[in-house]
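Q: Got a structure for you, written out below as structure tokens; questions coming shortly.
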Amino acid sequence: MLSTDPSALMEEIEAAITYRDTRISELDSQVRRFAGPAYSGNDGNSDSYSPENTYYEYISLMIPRLVYDNPRVQVTTRRPGAQGDVAEALRHGLNRWVRDSKLRKTLEQMATDMLLGFGVAIVRQEENEGVVLPESHPIMEATPKWPVVERISQRRFFIDKEAQQFTDARFSGHMWRRDKDDLIKMAKEGKDSGWDIEAIEALSAGDDPTGAGIFGEKNDSDRDEVWGYEVWVPEVQLEGEPGSEEGFHGTIYTLGVNQALGYERTVPGEESPRAGFIREPRPFYGPRTGPYVMYGVYKVPDNVYPLSPLVAVEGQIRDLNAHVLAASTAMMKHKRIIGANDSRTANIIKNTGHDFVAVVPFEDGKALVQEFELGGQTEQQAMWIATCRQRADRVLGMDEALRGSVTGAGTATEHTIASEAANTRMAFIRQSFADATVDLLTTVAFYMYHDDEVVFPLGQDEMKEMGLPPNADALFQGGVHDDDAGYTFDDLELEIEPYSMERANEGLAQKRALEMHQILMN
């Protein structure tokens with residue numbers, strides 16, 4: 001079993017962070033190039049200027065193809081007789097939650113992170129104070145809860161470096177921050193139990209332990225913030241605590257990042273540990289897959305972190321921009337000079353406007369005037385830049401059809417073949433994104449299925465679909481099902497409706513209508 005001693009756990013975390021940093025070593029540079037020097041305010045930094053801004057072009061083309069709208073969810077069950085009504089209620093609740101929580105905004109962040117490396121989201125339960133329930137509702141004495149999805153920065157997430165895939169990790173976690181005074185106040189009020197007030201007071205407030213911001217800004221104001229690590233260890237089951245039968249899987253540990261070394265109470269004369277817990281270990285209430293969902297495109301063998309297309313083509317992008325910058329520097333030194341054999345001829349050439357006639361002295365019937373052109377881009381440079389651009393686009397799968405700019409140089413058949421190949425590659429990326437979104441929604445559905453404190457009103461669309469009158473008071477409440485009916489949460493099957501996240505167009509609408517017509521005819 002994994003050692004959960006504070007010192008041993010801190011060593012695991014530090015090793016995981018070092019391993020992660022090697023996988024995102026170019027992330028800051030990529031973000032600077034993606035945003036451009038006008039955004040970062042550093043025109044003199046060549047690392048923030050990418051004339052061939054492949055990052056922006058690729059992301060701006062891919063985001064609308066991955067998530068243009070909120071997903072619509074379909075929920076089915078392997079036991080339709082006994083669990084059919086539960087699956088139908090969960091479908092209405094999830095679709096209402098997707099709209100009310102504005103999931104599309106979070107998915108846009110996940111898509112951007114995924115294309116630049118990998119994306120991580122965390123799902124947790126929080127109180128939903130904005131919900132107003134009827135006075136007769138049985139949980140009026142408690143504040144209704146609500147599943148919440150938050151993005152975790154790539155610089156703050158860490159995972160077991162020994163894992164070969166995400167599901168094999170023996171621990172995963174993230175770094176958080178909070179005002180020290182607020183954390184002490186919350187600990188004293190006992191809103192979230194288990195906090196060690198003395199350990200929190202021993203934390204030293206300071207800047208982000210991950211370093212300065214990606215554009216080099218540092219926080220000049222003193223916010224008195226403290227930082228902590230939250231680690232989920234799936235294999236540890238606390239003695240005397242509820243287990244998987246009640247929906248608890250693994251254990252959450254909380255450590256202070258800037259904690260004074262040796263704070264934890266020890267026997268006099270013994271060596272103090274390198275770190276200590278600032279909160280008692282607690283069982284994790286959630287699915288067995290844990291609180292985190294990772295977004296990625298390609299799997300790297302024996303590596304827990306996925307590979308994004310832009311990371312894979314980073315070498316070609318840098319090579320292309322190096323030659324473009326070299327050609328730009330050469331063009332800045334370009335000169336076009338006209339030479340004459342005497343000063344009178346030079347003045348005439350300099351002062352005579354376009355389309356005017358001037359008397360020029362001749363010698364042996366010829367004016368001794370010669371034009372010189374120095375510097376500038378060579379033909380070899382232009383040819384090599386075109387080669388580098390074609391190579392980067394080929395590896396990245398970004399052709400003119402994807403950009404929506406067809407020159408007409410090729411035949412219609414060539415464009416059709418190229419478009420089909422690009423669509424196949426894009427379809428795989430869309431499917432990878434959709435699979436991760438299904439995992440995310442499944443985690444949300446876990447809380448809706450098990451927790452009877454998840455209560456919120458349904459909208460008009462759901463009420464119409466259920467055949468309820470407009471003035472009905474329709475609420476979704478989780479946990480209302482028979483636990484002894486012979487079915488479980490694992491019997492449910494969740495999927496996203498095809499095309500629901502994509503931008504609808506006339507051709508797509510006709511295709512949907514034709515498919516529906518064929519289904520009805522069958």
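Residue names in the structure tokens use chain letters A, B, ... in the order shown, residue numbers from 1 in each chain, and ligand numbers from 1 in the order shown.
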Counting only C-alpha atoms, what is within 12 Å of Leu27 (chain A), bar same-chain residues fewer than 6 positions away, as a ChimeraX atom specification?
A: /A:20-21,33-34,55,113-118,153-155,213-215,308,310-311,314
Q: Pick out the residues sitting within 7 Å of Val120 (chain A), and hand them over as a tab-separated table (two decimals) with C-alpha atoms, in the first residue's frame; count only C-alpha atoms, and ignore anything fewer than 6 positions along from it in its own chain.
A:
```tsv
chain	number	residue	atom	x	y	z
A	151	ARG	CA	-10.84	23.82	-14.44
A	152	ILE	CA	-7.54	22.88	-12.84
A	292	TYR	CA	-10.52	14.47	-11.64
A	293	VAL	CA	-11.20	14.12	-15.36
A	294	MET	CA	-8.34	14.46	-17.85
A	295	TYR	CA	-8.73	15.70	-21.42
```
Q: Work out how far CA of Leu9 (chain A) is from CA of Glu280 (chain A), in Å to one decimal.
A: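 Taking CA of Glu280 (chain A) and CA of Leu9 (chain A), their separation equals 14.3 Å.
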Q: Could you work out how far CA of Asp393 (chain A) lies from CA of Gln377 (chain A), giving the answer in Å with one decimal?
A: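 Result for CA of Gln377 (chain A) versus CA of Asp393 (chain A): 22.5 Å, one decimal.
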Q: Between A:Glu11, A:Asp302, A:Asp168, A:Asp69, single out the one closest to Tyr499 (chain A), counting only C-alpha atoms.
A: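 Ranking A:Glu11, A:Asp302, A:Asp168, A:Asp69 by distance to Tyr499 (chain A), first place goes to A:Asp69.
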Q: Skipping near chain neighbours, those fewer than 2 positions away, what residues fall within 12 Å of region 72-85 of chain A using only C-alpha atoms, listed as a compact mmCIF listing (two decimals) with all heavy atoms, in the first residue's frame?
A:
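part.txt was written with the following content:
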```txt
# COMPACT_ATOMS: atom_id res chain seq x y z
N VAL A 67 -16.41 22.26 -29.45
CA VAL A 67 -17.50 22.66 -28.54
C VAL A 67 -18.03 24.01 -28.98
O VAL A 67 -17.49 25.06 -28.62
CB VAL A 67 -17.01 22.68 -27.08
CG1 VAL A 67 -15.73 23.48 -26.92
CG2 VAL A 67 -18.08 23.21 -26.14
N ASP A 69 -21.55 24.42 -28.76
CA ASP A 69 -22.78 24.56 -27.97
C ASP A 69 -22.73 23.57 -26.81
O ASP A 69 -21.86 22.69 -26.76
CB ASP A 69 -24.00 24.29 -28.85
CG ASP A 69 -25.27 24.92 -28.29
OD1 ASP A 69 -25.21 25.45 -27.16
OD2 ASP A 69 -26.31 24.88 -28.96
N ASN A 70 -23.67 23.72 -25.89
CA ASN A 70 -23.77 22.79 -24.78
C ASN A 70 -24.13 21.40 -25.27
O ASN A 70 -24.93 21.25 -26.19
CB ASN A 70 -24.84 23.25 -23.79
CG ASN A 70 -24.37 24.36 -22.87
OD1 ASN A 70 -23.25 24.33 -22.38
ND2 ASN A 70 -25.21 25.35 -22.64
N ALA A 87 -33.43 6.55 -15.12
CA ALA A 87 -32.59 7.02 -16.22
C ALA A 87 -33.22 8.21 -16.92
O ALA A 87 -32.53 9.18 -17.29
CB ALA A 87 -32.35 5.89 -17.21
N GLU A 88 -34.54 8.18 -17.08
CA GLU A 88 -35.23 9.29 -17.74
C GLU A 88 -35.16 10.56 -16.88
O GLU A 88 -34.91 11.66 -17.39
CB GLU A 88 -36.68 8.91 -18.00
CG GLU A 88 -37.46 9.92 -18.80
CD GLU A 88 -37.01 10.03 -20.25
OE1 GLU A 88 -36.20 9.18 -20.68
OE2 GLU A 88 -37.45 10.96 -20.94
N ALA A 89 -35.36 10.41 -15.57
CA ALA A 89 -35.26 11.57 -14.69
C ALA A 89 -33.85 12.14 -14.68
O ALA A 89 -33.65 13.36 -14.67
CB ALA A 89 -35.70 11.18 -13.28
N LEU A 90 -32.86 11.25 -14.69
CA LEU A 90 -31.47 11.71 -14.69
C LEU A 90 -31.13 12.43 -15.98
O LEU A 90 -30.36 13.41 -15.99
CB LEU A 90 -30.55 10.51 -14.49
CG LEU A 90 -29.09 10.81 -14.14
CD1 LEU A 90 -28.99 11.63 -12.87
CD2 LEU A 90 -28.29 9.52 -13.99
N ARG A 91 -31.71 12.00 -17.08
CA ARG A 91 -31.47 12.68 -18.36
C ARG A 91 -32.00 14.12 -18.31
O ARG A 91 -31.30 15.07 -18.72
CB ARG A 91 -32.16 11.91 -19.49
CG ARG A 91 -32.00 12.57 -20.87
CD ARG A 91 -32.63 11.72 -21.95
NE ARG A 91 -34.08 11.74 -21.87
CZ ARG A 91 -34.85 12.67 -22.46
NH1 ARG A 91 -34.29 13.66 -23.16
NH2 ARG A 91 -36.15 12.61 -22.36
N HIS A 92 -33.22 14.28 -17.79
CA HIS A 92 -33.76 15.64 -17.68
C HIS A 92 -32.92 16.49 -16.73
O HIS A 92 -32.64 17.66 -17.01
CB HIS A 92 -35.21 15.57 -17.17
CG HIS A 92 -36.17 15.01 -18.16
ND1 HIS A 92 -36.32 15.51 -19.43
CD2 HIS A 92 -37.05 13.97 -18.06
CE1 HIS A 92 -37.25 14.81 -20.08
NE2 HIS A 92 -37.70 13.86 -19.26
N GLY A 93 -32.50 15.90 -15.61
CA GLY A 93 -31.70 16.66 -14.66
C GLY A 93 -30.35 17.07 -15.22
O GLY A 93 -29.91 18.20 -15.02
N LEU A 94 -29.68 16.17 -15.93
CA LEU A 94 -28.36 16.50 -16.50
C LEU A 94 -28.46 17.59 -17.56
O LEU A 94 -27.64 18.52 -17.58
CB LEU A 94 -27.73 15.24 -17.10
CG LEU A 94 -27.03 14.30 -16.12
CD1 LEU A 94 -26.65 12.99 -16.82
CD2 LEU A 94 -25.79 14.95 -15.52
N ASN A 95 -29.45 17.49 -18.44
CA ASN A 95 -29.59 18.50 -19.48
C ASN A 95 -29.93 19.87 -18.90
O ASN A 95 -29.49 20.90 -19.41
CB ASN A 95 -30.67 18.07 -20.49
CG ASN A 95 -30.18 16.96 -21.41
OD1 ASN A 95 -29.05 16.95 -21.85
ND2 ASN A 95 -31.04 16.00 -21.68
N ARG A 96 -30.71 19.89 -17.81
CA ARG A 96 -30.99 21.16 -17.14
C ARG A 96 -29.72 21.69 -16.46
O ARG A 96 -29.41 22.88 -16.51
CB ARG A 96 -32.08 20.95 -16.11
CG ARG A 96 -32.51 22.19 -15.36
CD ARG A 96 -33.33 23.10 -16.26
NE ARG A 96 -32.59 24.22 -16.78
CZ ARG A 96 -33.01 25.01 -17.75
NH1 ARG A 96 -34.18 24.80 -18.33
NH2 ARG A 96 -32.29 26.01 -18.18
N TRP A 97 -28.98 20.80 -15.83
CA TRP A 97 -27.75 21.20 -15.14
C TRP A 97 -26.72 21.75 -16.13
O TRP A 97 -26.01 22.72 -15.83
CB TRP A 97 -27.16 20.01 -14.39
CG TRP A 97 -25.84 20.31 -13.74
CD1 TRP A 97 -25.63 20.83 -12.51
CD2 TRP A 97 -24.54 20.12 -14.32
NE1 TRP A 97 -24.29 20.98 -12.27
CE2 TRP A 97 -23.59 20.55 -13.37
CE3 TRP A 97 -24.10 19.62 -15.54
CZ2 TRP A 97 -22.23 20.51 -13.61
CZ3 TRP A 97 -22.73 19.59 -15.79
CH2 TRP A 97 -21.81 20.02 -14.82
N VAL A 98 -26.60 21.13 -17.30
CA VAL A 98 -25.64 21.57 -18.31
C VAL A 98 -25.91 23.02 -18.70
O VAL A 98 -24.97 23.83 -18.81
CB VAL A 98 -25.71 20.65 -19.54
CG1 VAL A 98 -25.01 21.29 -20.73
CG2 VAL A 98 -25.09 19.30 -19.24
N ARG A 99 -27.18 23.37 -18.87
CA ARG A 99 -27.50 24.75 -19.25
C ARG A 99 -27.33 25.72 -18.08
O ARG A 99 -26.76 26.81 -18.24
CB ARG A 99 -28.93 24.82 -19.79
CG ARG A 99 -29.11 24.14 -21.13
CD ARG A 99 -30.44 24.50 -21.76
NE ARG A 99 -31.56 23.94 -21.00
CZ ARG A 99 -32.05 22.72 -21.20
NH1 ARG A 99 -31.51 21.94 -22.12
NH2 ARG A 99 -33.06 22.29 -20.49
N LEU A 103 -21.99 24.94 -18.85
CA LEU A 103 -20.89 24.00 -19.03
C LEU A 103 -20.06 24.32 -20.26
O LEU A 103 -18.87 24.02 -20.30
CB LEU A 103 -21.46 22.57 -19.12
CG LEU A 103 -20.43 21.45 -19.24
CD1 LEU A 103 -19.52 21.40 -18.03
CD2 LEU A 103 -21.12 20.11 -19.47
N ARG A 104 -20.67 24.93 -21.26
CA ARG A 104 -19.93 25.22 -22.50
C ARG A 104 -18.70 26.07 -22.24
O ARG A 104 -17.65 25.86 -22.87
CB ARG A 104 -20.86 25.92 -23.50
CG ARG A 104 -20.19 26.27 -24.82
CD ARG A 104 -21.20 26.81 -25.82
NE ARG A 104 -21.82 28.03 -25.33
CZ ARG A 104 -21.32 29.25 -25.52
NH1 ARG A 104 -20.18 29.41 -26.18
NH2 ARG A 104 -21.95 30.32 -25.08
N ALA A 434 -15.13 14.27 -26.81
CA ALA A 434 -16.46 13.82 -26.39
C ALA A 434 -16.36 12.73 -25.33
O ALA A 434 -17.15 12.70 -24.38
CB ALA A 434 -17.26 13.34 -27.59
N THR A 437 -15.67 14.30 -22.07
CA THR A 437 -16.86 15.00 -21.60
C THR A 437 -17.88 14.01 -21.04
O THR A 437 -18.57 14.31 -20.05
CB THR A 437 -17.48 15.82 -22.74
OG1 THR A 437 -16.49 16.73 -23.26
CG2 THR A 437 -18.67 16.63 -22.26
N VAL A 438 -17.98 12.82 -21.62
CA VAL A 438 -18.86 11.79 -21.07
C VAL A 438 -18.38 11.39 -19.68
O VAL A 438 -19.19 11.21 -18.75
CB VAL A 438 -18.91 10.58 -22.01
CG1 VAL A 438 -19.56 9.38 -21.33
CG2 VAL A 438 -19.68 10.92 -23.28
N LEU A 440 -16.78 13.28 -17.63
CA LEU A 440 -17.10 14.41 -16.77
C LEU A 440 -18.57 14.39 -16.35
O LEU A 440 -18.90 14.54 -15.16
CB LEU A 440 -16.77 15.71 -17.50
CG LEU A 440 -17.01 17.03 -16.75
CD1 LEU A 440 -15.97 17.22 -15.68
CD2 LEU A 440 -17.00 18.21 -17.72
N LEU A 441 -19.46 14.18 -17.32
CA LEU A 441 -20.89 14.16 -17.03
C LEU A 441 -21.27 12.93 -16.20
O LEU A 441 -22.22 12.98 -15.41
CB LEU A 441 -21.68 14.20 -18.33
CG LEU A 441 -21.59 15.52 -19.11
CD1 LEU A 441 -22.21 15.38 -20.49
CD2 LEU A 441 -22.26 16.64 -18.34
N THR A 442 -20.55 11.84 -16.37
CA THR A 442 -20.81 10.66 -15.55
C THR A 442 -20.48 10.94 -14.09
O THR A 442 -21.20 10.49 -13.18
CB THR A 442 -19.99 9.47 -16.07
OG1 THR A 442 -20.33 9.21 -17.43
CG2 THR A 442 -20.26 8.22 -15.25
N VAL A 444 -20.65 13.91 -12.69
CA VAL A 444 -21.74 14.77 -12.24
C VAL A 444 -22.99 13.93 -11.95
O VAL A 444 -23.68 14.12 -10.94
CB VAL A 444 -22.05 15.85 -13.30
CG1 VAL A 444 -23.31 16.63 -12.94
CG2 VAL A 444 -20.87 16.79 -13.45
N ALA A 445 -23.26 12.96 -12.83
CA ALA A 445 -24.44 12.12 -12.66
C ALA A 445 -24.36 11.29 -11.39
O ALA A 445 -25.39 10.94 -10.80
CB ALA A 445 -24.61 11.21 -13.88
N TYR A 449 -27.38 11.02 -8.82
CA TYR A 449 -28.00 9.71 -8.60
C TYR A 449 -28.06 9.35 -7.12
O TYR A 449 -29.05 8.79 -6.64
CB TYR A 449 -27.22 8.65 -9.38
CG TYR A 449 -27.78 7.25 -9.27
CD1 TYR A 449 -28.77 6.81 -10.15
CD2 TYR A 449 -27.31 6.37 -8.30
CE1 TYR A 449 -29.27 5.52 -10.06
CE2 TYR A 449 -27.81 5.08 -8.20
CZ TYR A 449 -28.79 4.66 -9.08
OH TYR A 449 -29.29 3.38 -8.99
N MET A 466 -42.06 16.10 -20.62
CA MET A 466 -42.74 15.19 -19.70
C MET A 466 -44.25 15.35 -19.73
O MET A 466 -44.96 14.63 -19.02
CB MET A 466 -42.21 15.42 -18.28
CG MET A 466 -40.77 14.99 -18.07
SD MET A 466 -40.21 15.12 -16.34
CE MET A 466 -40.25 16.88 -16.11
N VAL A 480 -33.52 9.68 -5.03
CA VAL A 480 -34.85 9.12 -4.80
C VAL A 480 -35.03 7.90 -5.69
O VAL A 480 -35.51 7.97 -6.81
CB VAL A 480 -35.95 10.16 -5.09
CG1 VAL A 480 -37.32 9.59 -4.76
CG2 VAL A 480 -35.69 11.43 -4.28
N HIS A 481 -34.56 6.75 -5.24
CA HIS A 481 -34.73 5.50 -5.95
C HIS A 481 -34.57 4.34 -4.97
O HIS A 481 -34.05 4.52 -3.86
CB HIS A 481 -33.73 5.35 -7.10
CG HIS A 481 -32.31 5.63 -6.71
ND1 HIS A 481 -31.53 4.73 -6.05
CD2 HIS A 481 -31.55 6.75 -6.86
CE1 HIS A 481 -30.33 5.26 -5.82
NE2 HIS A 481 -30.33 6.49 -6.29
N ASP A 482 -35.03 3.20 -5.38
CA ASP A 482 -35.05 2.03 -4.50
C ASP A 482 -33.69 1.35 -4.56
O ASP A 482 -33.30 0.80 -5.59
CB ASP A 482 -36.16 1.08 -4.93
CG ASP A 482 -36.34 -0.06 -3.94
OD1 ASP A 482 -35.63 -0.07 -2.92
OD2 ASP A 482 -37.21 -0.92 -4.20
N ASP A 483 -32.95 1.37 -3.45
CA ASP A 483 -31.63 0.74 -3.43
C ASP A 483 -31.71 -0.77 -3.46
O ASP A 483 -30.71 -1.44 -3.77
CB ASP A 483 -30.87 1.19 -2.17
CG ASP A 483 -30.53 2.67 -2.20
OD1 ASP A 483 -30.42 3.20 -3.32
OD2 ASP A 483 -30.40 3.29 -1.12
N ASP A 484 -32.87 -1.32 -3.14
CA ASP A 484 -33.01 -2.78 -3.11
C ASP A 484 -33.69 -3.31 -4.37
O ASP A 484 -34.17 -4.44 -4.38
CB ASP A 484 -33.84 -3.19 -1.88
CG ASP A 484 -33.14 -2.78 -0.59
OD1 ASP A 484 -31.90 -2.78 -0.58
OD2 ASP A 484 -33.85 -2.44 0.38
N ALA A 485 -33.74 -2.50 -5.43
CA ALA A 485 -34.45 -2.93 -6.63
C ALA A 485 -33.60 -3.80 -7.55
O ALA A 485 -34.06 -4.21 -8.61
CB ALA A 485 -34.94 -1.70 -7.40
N GLY A 486 -32.34 -4.04 -7.20
CA GLY A 486 -31.50 -4.92 -8.01
C GLY A 486 -30.69 -4.21 -9.07
O GLY A 486 -30.10 -4.86 -9.93
N TYR A 487 -30.66 -2.88 -9.07
CA TYR A 487 -29.84 -2.14 -10.04
C TYR A 487 -28.95 -1.16 -9.29
O TYR A 487 -29.21 -0.81 -8.15
CB TYR A 487 -30.72 -1.41 -11.06
CG TYR A 487 -31.73 -0.46 -10.46
CD1 TYR A 487 -31.36 0.80 -10.01
CD2 TYR A 487 -33.07 -0.82 -10.37
CE1 TYR A 487 -32.28 1.68 -9.48
CE2 TYR A 487 -34.00 0.05 -9.83
CZ TYR A 487 -33.61 1.30 -9.39
OH TYR A 487 -34.52 2.16 -8.85
N THR A 488 -27.89 -0.71 -9.97
CA THR A 488 -26.94 0.23 -9.38
C THR A 488 -26.64 1.34 -10.37
O THR A 488 -27.10 1.32 -11.53
CB THR A 488 -25.62 -0.48 -9.00
OG1 THR A 488 -24.98 -0.95 -10.20
CG2 THR A 488 -25.88 -1.66 -8.06
N PHE A 489 -25.82 2.28 -9.92
CA PHE A 489 -25.42 3.38 -10.79
C PHE A 489 -24.64 2.87 -12.00
O PHE A 489 -24.71 3.46 -13.09
CB PHE A 489 -24.59 4.38 -9.99
CG PHE A 489 -24.05 5.52 -10.81
CD1 PHE A 489 -24.87 6.56 -11.23
CD2 PHE A 489 -22.71 5.57 -11.17
CE1 PHE A 489 -24.38 7.62 -11.98
CE2 PHE A 489 -22.20 6.63 -11.91
CZ PHE A 489 -23.05 7.65 -12.32
N ASP A 490 -23.89 1.78 -11.83
CA ASP A 490 -23.09 1.24 -12.92
C ASP A 490 -23.94 0.67 -14.05
O ASP A 490 -23.43 0.44 -15.15
CB ASP A 490 -22.14 0.15 -12.40
CG ASP A 490 -21.10 0.71 -11.44
OD1 ASP A 490 -20.73 1.89 -11.62
OD2 ASP A 490 -20.67 -0.01 -10.53
N ASP A 491 -25.23 0.43 -13.80
CA ASP A 491 -26.12 -0.06 -14.85
C ASP A 491 -26.51 1.03 -15.84
O ASP A 491 -27.03 0.74 -16.92
CB ASP A 491 -27.39 -0.66 -14.24
CG ASP A 491 -27.10 -1.94 -13.46
OD1 ASP A 491 -26.25 -2.71 -13.92
OD2 ASP A 491 -27.73 -2.15 -12.41
N LEU A 492 -26.27 2.28 -15.49
CA LEU A 492 -26.63 3.39 -16.36
C LEU A 492 -25.58 3.57 -17.45
O LEU A 492 -24.39 3.37 -17.23
CB LEU A 492 -26.76 4.68 -15.56
CG LEU A 492 -27.90 4.73 -14.53
CD1 LEU A 492 -27.79 5.99 -13.69
CD2 LEU A 492 -29.25 4.66 -15.22
N GLU A 493 -26.03 3.97 -18.62
CA GLU A 493 -25.15 4.24 -19.77
C GLU A 493 -25.43 5.66 -20.25
O GLU A 493 -26.58 6.00 -20.55
CB GLU A 493 -25.39 3.23 -20.89
CG GLU A 493 -25.05 1.80 -20.46
CD GLU A 493 -25.41 0.79 -21.54
OE1 GLU A 493 -26.14 1.17 -22.48
OE2 GLU A 493 -24.95 -0.36 -21.45
N LEU A 494 -24.40 6.46 -20.32
CA LEU A 494 -24.55 7.87 -20.67
C LEU A 494 -23.79 8.16 -21.95
O LEU A 494 -22.65 7.70 -22.13
CB LEU A 494 -24.01 8.73 -19.53
CG LEU A 494 -24.24 10.23 -19.56
CD1 LEU A 494 -24.37 10.77 -18.13
CD2 LEU A 494 -23.07 10.95 -20.26
N GLU A 495 -24.39 8.92 -22.83
CA GLU A 495 -23.72 9.33 -24.07
C GLU A 495 -24.24 10.70 -24.48
O GLU A 495 -25.32 11.14 -24.06
CB GLU A 495 -23.95 8.32 -25.19
CG GLU A 495 -25.40 8.13 -25.58
CD GLU A 495 -25.57 7.08 -26.66
OE1 GLU A 495 -24.60 6.35 -26.95
OE2 GLU A 495 -26.68 7.01 -27.21
N ILE A 496 -23.45 11.37 -25.31
CA ILE A 496 -23.80 12.70 -25.80
C ILE A 496 -24.49 12.56 -27.15
O ILE A 496 -24.05 11.79 -28.01
CB ILE A 496 -22.54 13.58 -25.92
CG1 ILE A 496 -21.93 13.80 -24.54
CG2 ILE A 496 -22.88 14.92 -26.55
CD1 ILE A 496 -20.62 14.55 -24.56
N GLU A 497 -25.57 13.27 -27.34
CA GLU A 497 -26.29 13.21 -28.60
C GLU A 497 -25.37 13.65 -29.74
O GLU A 497 -24.64 14.64 -29.62
CB GLU A 497 -27.52 14.12 -28.57
CG GLU A 497 -28.63 13.62 -27.68
CD GLU A 497 -29.86 14.50 -27.79
OE1 GLU A 497 -29.87 15.40 -28.66
OE2 GLU A 497 -30.81 14.29 -27.02
N PRO A 498 -25.37 12.91 -30.86
CA PRO A 498 -24.53 13.29 -32.00
C PRO A 498 -24.85 14.70 -32.48
O PRO A 498 -26.01 15.12 -32.51
CB PRO A 498 -24.88 12.25 -33.06
CG PRO A 498 -25.43 11.08 -32.29
CD PRO A 498 -26.12 11.66 -31.11
N TYR A 499 -23.81 15.43 -32.82
CA TYR A 499 -23.88 16.79 -33.37
C TYR A 499 -24.37 17.84 -32.37
O TYR A 499 -24.50 19.01 -32.73
CB TYR A 499 -24.80 16.85 -34.61
CG TYR A 499 -24.60 15.74 -35.59
CD1 TYR A 499 -25.63 14.85 -35.87
CD2 TYR A 499 -23.38 15.55 -36.23
CE1 TYR A 499 -25.46 13.81 -36.76
CE2 TYR A 499 -23.20 14.51 -37.13
CZ TYR A 499 -24.25 13.65 -37.38
OH TYR A 499 -24.07 12.61 -38.27
N SER A 500 -24.65 17.46 -31.11
CA SER A 500 -25.22 18.46 -30.19
C SER A 500 -24.21 19.53 -29.81
O SER A 500 -24.60 20.66 -29.49
CB SER A 500 -25.74 17.76 -28.93
OG SER A 500 -24.69 17.13 -28.22
N MET A 501 -22.91 19.22 -29.82
CA MET A 501 -21.90 20.22 -29.47
C MET A 501 -21.36 20.95 -30.69
O MET A 501 -20.58 21.89 -30.54
CB MET A 501 -20.75 19.56 -28.71
CG MET A 501 -21.09 19.14 -27.31
SD MET A 501 -19.63 18.77 -26.30
CE MET A 501 -18.97 17.33 -27.14
N GLU A 502 -21.74 20.55 -31.88
CA GLU A 502 -21.20 21.15 -33.09
C GLU A 502 -22.09 22.29 -33.57
O GLU A 502 -23.26 22.40 -33.19
CB GLU A 502 -21.08 20.10 -34.20
CG GLU A 502 -20.14 18.96 -33.87
CD GLU A 502 -20.05 17.95 -34.99
OE1 GLU A 502 -20.41 18.31 -36.13
OE2 GLU A 502 -19.64 16.82 -34.73
```
Q: Which one is closest to Gly296 (chain A): A:Gly479, A:Gly36, A:Gly240, A:Gly119? Count only C-alpha atoms.
A: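 For Gly296 (chain A), the nearest of the candidates is A:Gly119.
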Q: What residues in region 315-388 of chain A get the DSSP label helix (DSSP H, G or I)? Please answer as a ChimeraX atom specification.
A: /A:315-332,343-351,379-388
Q: Using DSSP on the backbone coordinates, identify the residues of region 227-334 of chain A assigned to strand (DSSP E or B); present them as a ChimeraX atom specification.
A: /A:227-233,248-256,259,277-285,292-295,298,307
Q: Could you check the closest approach to Val231 (chain A) for each of A:Thr4, A:Thr22, A:Asn53, A:Gln381 and tell me which residue wins, using only C-alpha atoms?
A: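 That would be A:Thr4, the residue with the smallest distance to Val231 (chain A).
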Q: Write out as a short mmCIF file (atom, residue, chain, number, x, y, z; two decimals) with C-alpha atoms, in the first residue's frame the residues lying within 9 Å of Ile385 (chain A), counting only C-alpha atoms and excluding same-chain residues fewer than 4 positions away.
A:
```cif
data_model
loop_
_atom_site.label_atom_id
_atom_site.label_comp_id
_atom_site.auth_asym_id
_atom_site.auth_seq_id
_atom_site.Cartn_x
_atom_site.Cartn_y
_atom_site.Cartn_z
CA LEU A 320 9.22 27.41 -39.77
CA ASN A 321 9.22 30.57 -37.66
CA HIS A 323 13.27 30.78 -41.25
CA VAL A 324 10.43 33.29 -41.54
CA ALA A 327 13.74 36.15 -44.16
CA GLN A 380 16.02 29.64 -51.86
CA GLN A 381 14.63 31.14 -48.65
CA ARG A 389 4.97 25.48 -43.95
CA GLN A 390 3.71 22.52 -45.99
#
```
Q: Which polymer residues have any atom within 9 Å of an atom of Glu235 (chain A), counting only C-alpha atoms, with same-chain residues fewer than 2 positions away left out, as a list in words?
A: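 Result of the neighbour search: Met1, Leu2, Arg170, Phe171, Val233, Gln237, His249, Gly250 and Thr251 of chain A.
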Q: Between A:Ala382, A:Lys145, A:Ser101, A:Ile17, which is the closest to Glu453 (chain A) once you count only C-alpha atoms?
A: A:Lys145
Q: So which residues touch Ala35 (chain A) within 9 Å, counting only C-alpha atoms, skipping near sequence neighbours fewer than 2 positions away, as a list in words?
A: Gln30, Val31, Arg32, Arg33, Pro37, Ala38, Tyr39, Ser40, Ser48, Tyr49, Tyr55 and Tyr56 of chain A
Q: Keeping only C-alpha atoms, write those residues as a short mmCIF file (atom, residue, chain, number, x, y, z; two decimals), in the first residue's frame.
A:
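The result, written out as out-v1.cif:
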```cif
data_model
loop_
_atom_site.label_atom_id
_atom_site.label_comp_id
_atom_site.auth_asym_id
_atom_site.auth_seq_id
_atom_site.Cartn_x
_atom_site.Cartn_y
_atom_site.Cartn_z
CA GLN A 30 3.44 28.29 -26.56
CA VAL A 31 0.97 30.48 -24.68
CA ARG A 32 3.08 33.58 -25.35
CA ARG A 33 3.24 32.79 -29.05
CA PRO A 37 3.39 40.23 -28.19
CA ALA A 38 0.49 42.72 -28.17
CA TYR A 39 -1.23 40.69 -25.44
CA SER A 40 1.84 40.03 -23.32
CA SER A 48 6.51 35.97 -27.80
CA TYR A 49 6.45 36.73 -31.54
CA TYR A 55 -1.00 28.00 -32.39
CA TYR A 56 -3.69 30.65 -32.80
#
```
